[in-house]
>>> print(open('coords-v3.csv').read())   # CSV, C-alpha atoms and all ligand atoms
chain,number,residue,atom,x,y,z
A,1,MET,CA,-40.3,80.3,-30.0
A,2,SER,CA,-41.5,76.8,-29.2
A,3,ASP,CA,-39.4,73.8,-30.3
A,4,GLU,CA,-40.3,72.4,-33.7
A,5,ILE,CA,-42.0,69.0,-33.9
A,6,VAL,CA,-41.1,66.7,-36.7
A,7,LEU,CA,-43.0,63.5,-37.4
A,8,TYR,CA,-40.9,60.8,-39.3
A,9,THR,CA,-43.4,58.4,-40.8
A,10,ASN,CA,-44.8,56.5,-43.7
A,11,PRO,CA,-48.6,56.7,-44.2
A,12,MET,CA,-48.8,52.9,-44.5
A,13,SER,CA,-47.3,52.2,-41.1
A,14,ARG,CA,-47.7,52.5,-37.3
A,15,GLY,CA,-46.8,56.1,-38.0
A,16,ARG,CA,-50.5,56.7,-38.2
A,17,ILE,CA,-50.6,56.2,-34.4
A,18,ALA,CA,-48.2,59.0,-33.8
A,19,ARG,CA,-50.0,61.3,-36.2
A,20,TRP,CA,-53.3,60.7,-34.4
A,21,MET,CA,-51.6,61.6,-31.2
A,22,LEU,CA,-50.1,64.8,-32.7
A,23,GLU,CA,-53.6,65.8,-33.9
A,24,GLU,CA,-55.0,65.2,-30.5
A,25,VAL,CA,-52.3,67.4,-29.0
A,26,GLY,CA,-53.0,70.1,-31.5
A,27,ALA,CA,-49.4,71.5,-31.7
A,28,PRO,CA,-48.1,72.3,-35.2
A,29,TYR,CA,-45.7,69.7,-36.6
A,30,ARG,CA,-43.8,69.0,-39.9
A,31,THR,CA,-44.0,65.6,-41.6
A,32,GLU,CA,-41.0,63.8,-43.1
A,33,ILE,CA,-42.0,60.7,-45.2
A,34,LEU,CA,-39.6,57.8,-45.2
A,35,HIS,CA,-39.6,55.0,-47.7
A,36,PHE,CA,-39.5,51.4,-46.7
A,37,GLY,CA,-36.2,49.7,-47.4
A,38,THR,CA,-34.4,52.8,-48.6
A,39,THR,CA,-34.4,56.2,-46.8
A,40,MET,CA,-35.8,54.4,-43.7
A,41,LYS,CA,-32.6,52.3,-43.5
A,42,GLY,CA,-30.2,55.1,-44.5
A,43,ASP,CA,-27.6,56.6,-42.2
A,44,THR,CA,-29.5,59.9,-41.9
A,45,TYR,CA,-32.6,58.4,-40.6
A,46,ARG,CA,-30.8,55.8,-38.5
A,47,SER,CA,-29.2,58.7,-36.6
A,48,VAL,CA,-32.8,59.5,-35.5
A,49,ASN,CA,-33.9,55.9,-35.0
A,50,PRO,CA,-31.2,53.3,-35.1
A,51,MET,CA,-33.8,50.7,-35.7
A,52,GLY,CA,-34.5,52.3,-39.1
A,53,LYS,CA,-38.3,52.0,-38.3
A,54,VAL,CA,-41.1,54.5,-38.2
A,55,PRO,CA,-42.5,56.4,-36.5
A,56,SER,CA,-40.2,58.7,-34.6
A,57,ILE,CA,-40.7,62.2,-33.5
A,58,ALA,CA,-38.2,65.0,-32.9
A,59,HIS,CA,-39.3,67.8,-30.5
A,60,GLY,CA,-36.5,70.3,-30.6
A,61,LYS,CA,-33.4,68.3,-29.8
A,62,THR,CA,-35.5,65.5,-28.1
A,63,ILE,CA,-36.0,62.3,-30.1
A,64,VAL,CA,-38.7,59.8,-29.2
A,65,THR,CA,-39.2,56.5,-30.9
A,66,GLU,CA,-41.8,53.7,-30.2
A,67,CYS,CA,-45.4,54.5,-30.6
A,68,ALA,CA,-46.4,54.0,-27.0
A,69,ALA,CA,-43.5,56.2,-25.8
A,70,ILE,CA,-44.4,58.9,-28.4
A,71,CYS,CA,-48.1,58.9,-27.1
A,72,ALA,CA,-47.0,59.1,-23.5
A,73,TYR,CA,-44.3,61.7,-24.2
A,74,LEU,CA,-46.6,64.0,-26.1
A,75,ALA,CA,-49.3,63.8,-23.4
A,76,ASP,CA,-46.7,65.0,-20.8
A,77,ALA,CA,-45.1,67.6,-23.1
A,78,PHE,CA,-48.5,69.2,-23.8
A,79,PRO,CA,-50.4,68.9,-20.5
A,80,GLN,CA,-52.9,71.5,-21.7
A,81,ALA,CA,-54.3,68.9,-24.1
A,82,GLY,CA,-55.5,66.9,-21.0
A,83,LEU,CA,-54.4,63.5,-22.4
A,84,ALA,CA,-52.7,62.0,-19.3
A,85,PRO,CA,-54.3,61.6,-15.9
A,86,ALA,CA,-52.7,63.2,-12.9
A,87,PRO,CA,-49.6,61.2,-11.8
A,88,ALA,CA,-51.3,59.7,-8.8
A,89,LYS,CA,-54.1,58.4,-11.0
A,90,ARG,CA,-52.0,56.8,-13.7
A,91,ALA,CA,-52.3,53.1,-12.7
A,92,ASP,CA,-54.7,52.1,-15.4
A,93,TYR,CA,-53.2,54.5,-17.9
A,94,TYR,CA,-49.7,52.8,-17.5
A,95,ARG,CA,-51.1,49.4,-17.2
A,96,TRP,CA,-53.0,49.3,-20.5
A,97,MET,CA,-50.4,51.3,-22.4
A,98,PHE,CA,-47.7,48.8,-21.5
A,99,PHE,CA,-50.1,45.9,-21.9
A,100,ALA,CA,-50.7,46.9,-25.5
A,101,ALA,CA,-47.0,47.6,-26.3
A,102,GLY,CA,-46.0,44.2,-24.8
A,103,PRO,CA,-48.4,41.3,-24.5
A,104,LEU,CA,-51.0,42.5,-27.0
A,105,GLU,CA,-48.6,43.4,-29.8
A,106,ALA,CA,-46.6,40.2,-29.4
A,107,ALA,CA,-49.7,38.0,-29.2
A,108,VAL,CA,-51.2,39.5,-32.3
A,109,SER,CA,-47.9,39.5,-34.3
A,110,ASN,CA,-47.1,35.9,-33.4
A,111,ARG,CA,-50.6,34.7,-34.3
A,112,VAL,CA,-50.4,36.5,-37.7
A,113,LEU,CA,-47.1,34.8,-38.4
A,114,GLY,CA,-48.5,31.4,-37.4
A,115,PHE,CA,-46.2,31.0,-34.4
A,116,GLU,CA,-47.8,29.0,-31.7
A,117,VAL,CA,-46.5,28.9,-28.2
A,118,PRO,CA,-46.2,25.3,-27.1
A,119,LYS,CA,-48.6,24.7,-24.2
A,120,GLU,CA,-45.7,23.9,-21.8
A,121,ARG,CA,-43.9,27.2,-22.6
A,122,GLU,CA,-46.9,29.5,-22.1
A,123,ARG,CA,-45.8,30.3,-18.6
A,124,MET,CA,-42.5,31.8,-19.8
A,125,VAL,CA,-44.1,33.9,-22.6
A,126,GLY,CA,-45.1,37.3,-21.5
A,127,TYR,CA,-48.5,37.2,-23.0
A,128,GLY,CA,-49.3,33.5,-22.1
A,129,THR,CA,-52.0,32.9,-24.7
A,130,TYR,CA,-53.7,34.9,-27.4
A,131,GLN,CA,-57.0,34.0,-25.9
A,132,ASP,CA,-56.1,35.3,-22.5
A,133,VAL,CA,-54.9,38.5,-24.0
A,134,MET,CA,-58.2,39.0,-25.9
A,135,ASP,CA,-60.3,38.2,-22.9
A,136,THR,CA,-58.3,40.5,-20.7
A,137,LEU,CA,-58.6,43.3,-23.2
A,138,GLU,CA,-62.3,42.8,-23.6
A,139,SER,CA,-62.9,43.1,-19.9
A,140,ALA,CA,-60.8,46.3,-19.9
A,141,VAL,CA,-62.8,47.9,-22.7
A,142,ARG,CA,-66.1,46.8,-21.2
A,143,ALA,CA,-65.3,48.3,-17.8
A,144,ASN,CA,-65.4,52.0,-18.7
A,145,ALA,CA,-66.0,54.2,-21.7
A,146,TYR,CA,-62.2,54.6,-22.1
A,147,ILE,CA,-59.3,52.3,-21.3
A,148,ALA,CA,-58.1,54.2,-18.2
A,149,GLY,CA,-61.6,55.3,-16.9
A,150,ASP,CA,-64.3,57.7,-18.0
A,151,THR,CA,-61.9,60.2,-19.7
A,152,PHE,CA,-60.2,59.8,-23.1
A,153,SER,CA,-56.4,59.7,-22.8
A,154,ALA,CA,-53.2,59.0,-24.7
A,155,ALA,CA,-53.6,55.3,-23.7
A,156,ASP,CA,-56.7,55.2,-25.9
A,157,VAL,CA,-54.8,56.5,-28.9
A,158,TYR,CA,-52.3,53.6,-28.5
A,159,VAL,CA,-54.6,50.8,-27.4
A,160,GLY,CA,-57.4,52.0,-29.8
A,161,SER,CA,-55.0,52.1,-32.7
A,162,GLN,CA,-53.9,48.5,-32.1
A,163,LEU,CA,-57.6,47.4,-31.8
A,164,GLY,CA,-58.6,49.5,-34.9
A,165,TYR,CA,-55.9,47.9,-37.1
A,166,GLY,CA,-56.6,44.5,-35.7
A,167,LEU,CA,-60.3,44.7,-36.5
A,168,GLN,CA,-59.7,46.2,-39.9
A,169,PHE,CA,-57.1,43.5,-40.9
A,170,GLY,CA,-58.7,40.6,-39.1
A,171,THR,CA,-55.9,40.0,-36.7
A,172,ILE,CA,-58.1,40.7,-33.7
A,173,GLU,CA,-61.4,39.0,-33.2
A,174,LYS,CA,-64.4,41.1,-34.0
A,175,ARG,CA,-66.0,41.1,-30.5
A,176,ALA,CA,-68.8,43.5,-30.0
A,177,ALA,CA,-67.0,45.2,-27.1
A,178,PHE,CA,-64.0,45.9,-29.2
A,179,GLU,CA,-66.1,47.4,-32.0
A,180,GLN,CA,-68.1,49.6,-29.6
A,181,TYR,CA,-64.9,50.9,-28.0
A,182,PHE,CA,-63.1,51.6,-31.2
A,183,GLY,CA,-66.3,53.1,-32.8
A,184,ARG,CA,-66.3,55.6,-29.9
A,185,LEU,CA,-62.7,56.6,-30.7
A,186,ALA,CA,-63.0,56.7,-34.4
A,187,ARG,CA,-65.6,59.5,-34.1
A,188,ARG,CA,-63.0,61.8,-32.7
A,189,GLU,CA,-62.2,64.8,-34.9
A,190,ALA,CA,-58.4,64.3,-34.4
A,191,TYR,CA,-58.6,60.7,-35.5
A,192,GLN,CA,-60.4,61.7,-38.6
A,193,ARG,CA,-58.0,64.5,-39.4
A,194,ALA,CA,-55.1,62.2,-38.9
A,195,ASN,CA,-56.6,59.6,-41.2
A,196,ASP,CA,-57.4,62.2,-43.9
A,197,LYS,CA,-53.8,63.4,-43.8
A,198,ASP,CA,-52.3,59.9,-44.0
A,199,ASN,CA,-54.7,58.8,-46.7
A,200,ALA,CA,-53.7,61.9,-48.8
A,201,ALA,CA,-50.0,61.1,-48.2
A,202,ALA,CA,-50.5,57.5,-49.2
A,203,ALA,CA,-52.3,58.6,-52.4
A,204,GLU,CA,-49.4,60.9,-53.2
A,205,LEU,CA,-46.9,58.1,-52.6
A,206,GLN,CA,-48.8,55.9,-55.0
A,207,LYS,CA,-48.6,58.6,-57.7
A,208,THR,CA,-44.9,59.4,-57.2
A,209,GLY,CA,-43.8,55.8,-56.4
B,1,LIG,N1,-42.1,48.9,-31.9
B,1,LIG,C1,-42.2,49.9,-32.9
B,1,LIG,C2,-42.5,49.2,-34.2
B,1,LIG,C3,-42.2,50.1,-35.4
B,1,LIG,C4,-42.3,49.3,-36.7
B,1,LIG,O1,-42.1,48.1,-36.7
B,1,LIG,N2,-42.6,50.1,-37.7
B,1,LIG,C5,-42.7,49.4,-39.0
B,1,LIG,C6,-43.9,50.0,-39.8
B,1,LIG,S1,-45.4,49.6,-39.1
B,1,LIG,C7,-41.4,49.8,-39.8
B,1,LIG,O2,-40.9,50.8,-39.7
B,1,LIG,N3,-41.0,48.8,-40.6
B,1,LIG,C8,-39.9,49.1,-41.6
B,1,LIG,C9,-38.7,48.2,-41.4
B,1,LIG,O3,-38.6,47.6,-40.4
B,1,LIG,O4,-37.9,48.2,-42.3
B,1,LIG,C10,-43.2,51.0,-32.5
B,1,LIG,O5,-44.1,50.7,-31.8
B,1,LIG,O6,-43.1,52.2,-32.9
>>> encode(input="coords-v3.csv", output="structure tokens", more="lines below")
Ligand SMILES: N[C@@H](CCC(=O)N[C@@H](CS)C(=O)NCC(=O)O)C(=O)O
Amino acid sequence: MSDEIVLYTNPMSRGRIARWMLEEVGAPYRTEILHFGTTMKGDTYRSVNPMGKVPSIAHGKTIVTECAAICAYLADAFPQAGLAPAPAKRADYYRWMFFAAGPLEAAVSNRVLGFEVPKERERMVGYGTYQDVMDTLESAVRANAYIAGDTFSAADVYVGSQLGYGLQFGTIEKRAAFEQYFGRLARREAYQRANDKDNAAAAELQKTG
């Protein structure tokens, strides 16, 4: 029997990224919904993710936290899904996955919070400037159909999710290249399945409180 997969999530969270990746992989999984501020911060869930944040996954006895790591882990754990390039061809795959988890996420969060890096400190901040991050990302999504070349991969799930949320909530500039790239991803069946499941879970939460 294969190891059970559990997705710990809340439908109004980055947990949507992990669900999209699980739908791309196609392996069966069970969902556990955590509530902000209560079950998410309780001892039981902190034994899964000491940060008390979602998402996390359990795959048998293996626990993975952090969206980018969950995407990369699942791509490797289920190679038949074809979501990671061969090891020797992973340069762009790693590059953009880590770029999104580090510089992109930090630049966008700081901007949303109104935190401005003083000009003279840009050299010590990993992302430098929000503008450089946007321009770099734009050249990456313009270069090929997908972030790591001409094949869809787990890196698209992660980078694409950040772009999709950013475009939806206005935290990332609506550049044509971003919209075209994300539009391509949003047509995927797995993306739509994941969205439908999370929207249904969100509606259920609204009813039950
Ligand atoms: N770096 C983490 C971020 C996870 C995160 O911040 N999740 C938020 C929801 S989007 C959360 O669980 N917040 C609840 C809290 O911190 O109490 C990842 O990429 O998975």
>>> residues_near_ligand(input="coords-v3.csv", ligand="ligand LIG 1 (chain B)", cutoff="8 Å", atoms="only C-alpha atoms and all ligand atoms", output="ChimeraX atom specification")
/A:10,12-15,36-37,40-41,51-56,65-68,101
>>> write_last_selection(input="coords-v3.csv", atoms="C-alpha atoms", output="PDB file, in the coordinates of the input")
ATOM      1  CA  ASN A  10     -44.800  56.500 -43.700  1.00  0.00           C
ATOM      2  CA  MET A  12     -48.800  52.900 -44.500  1.00  0.00           C
ATOM      3  CA  SER A  13     -47.300  52.200 -41.100  1.00  0.00           C
ATOM      4  CA  ARG A  14     -47.700  52.500 -37.300  1.00  0.00           C
ATOM      5  CA  GLY A  15     -46.800  56.100 -38.000  1.00  0.00           C
ATOM      6  CA  PHE A  36     -39.500  51.400 -46.700  1.00  0.00           C
ATOM      7  CA  GLY A  37     -36.200  49.700 -47.400  1.00  0.00           C
ATOM      8  CA  MET A  40     -35.800  54.400 -43.700  1.00  0.00           C
ATOM      9  CA  LYS A  41     -32.600  52.300 -43.500  1.00  0.00           C
ATOM     10  CA  MET A  51     -33.800  50.700 -35.700  1.00  0.00           C
ATOM     11  CA  GLY A  52     -34.500  52.300 -39.100  1.00  0.00           C
ATOM     12  CA  LYS A  53     -38.300  52.000 -38.300  1.00  0.00           C
ATOM     13  CA  VAL A  54     -41.100  54.500 -38.200  1.00  0.00           C
ATOM     14  CA  PRO A  55     -42.500  56.400 -36.500  1.00  0.00           C
ATOM     15  CA  SER A  56     -40.200  58.700 -34.600  1.00  0.00           C
ATOM     16  CA  THR A  65     -39.200  56.500 -30.900  1.00  0.00           C
ATOM     17  CA  GLU A  66     -41.800  53.700 -30.200  1.00  0.00           C
ATOM     18  CA  CYS A  67     -45.400  54.500 -30.600  1.00  0.00           C
ATOM     19  CA  ALA A  68     -46.400  54.000 -27.000  1.00  0.00           C
ATOM     20  CA  ALA A 101     -47.000  47.600 -26.300  1.00  0.00           C
TER      21      ALA A 101
END
>>> atom_distance(input="coords-v3.csv", atom1="atom CA of Ala72 of chain A", atom2="atom CA of Asp43 of chain A")
27.1 Å
>>> closest_residue(input="coords-v3.csv", among="A:Tyr93, A:Tyr45, A:Trp20, A:Tyr130", to="Val157 of chain A", atoms="only C-alpha atoms")
A:Trp20
>>> residues_near_point(input="coords-v3.csv", point="(-69.2, 44.0, -23.6)", cutoff="12 Å", atoms="only C-alpha atoms", output="count of residues only")
19
>>> atom_distance(input="coords-v3.csv", atom1="atom CA of Ser2 of chain A", atom2="atom CA of Met21 of chain A")
18.4 Å
>>> atom_distance(input="coords-v3.csv", atom1="atom CA of Ala75 of chain A", atom2="atom CA of Val133 of chain A")
25.9 Å
>>> closest_residue(input="coords-v3.csv", among="A:Met124, A:Tyr146, A:Phe115, A:Ser109", to="Gly170 of chain A", atoms="all atoms listed in the file")
A:Ser109
>>> residues_around(input="coords-v3.csv", residues="Thr62 of chain A", least_positions_apart="5", cutoff="10 Å", atoms="all atoms listed in the file", output="list in words")
Asp3, Ile5, Val48 and Ile57 of chain A
>>> write_last_selection(input="coords-v3.csv", atoms="C-alpha atoms", output="PDB file, keeping the file's coordinate frame")
ATOM      1  CA  ASP A   3     -39.400  73.800 -30.300  1.00  0.00           C
ATOM      2  CA  ILE A   5     -42.000  69.000 -33.900  1.00  0.00           C
ATOM      3  CA  VAL A  48     -32.800  59.500 -35.500  1.00  0.00           C
ATOM      4  CA  ILE A  57     -40.700  62.200 -33.500  1.00  0.00           C
TER       5      ILE A  57
END
>>> closest_residue(input="coords-v3.csv", among="A:Val108, A:Ala77, A:Ala202, A:Leu167", to="Thr9 of chain A", atoms="all atoms listed in the file")
A:Ala202
>>> closest_residue(input="coords-v3.csv", among="A:Met97, A:Ile63, A:Leu163, A:Ala201", to="Ala186 of chain A", atoms="all atoms listed in the file")
A:Leu163
>>> closest_residue(input="coords-v3.csv", among="A:Ile172, A:Leu7, A:Ala200, A:Val25", to="Leu74 of chain A", atoms="only C-alpha atoms")
A:Val25
>>> closest_residue(input="coords-v3.csv", among="A:Gly26, A:Asp76, A:Arg111, A:Asn195", to="Ser161 of chain A", atoms="only C-alpha atoms")
A:Asn195
>>> residues_near_point(input="coords-v3.csv", point="(-55.7, 55.7, -23.3)", cutoff="10 Å", atoms="all atoms listed in the file", output="list in words")
Cys71, Ala72, Leu83, Ala84, Pro85, Asp92, Tyr93, Tyr94, Arg95, Trp96, Met97, Tyr146, Ile147, Ala148, Gly149, Thr151, Phe152, Ser153, Ala154, Ala155, Asp156, Val157, Tyr158, Val159 and Gly160 of chain A
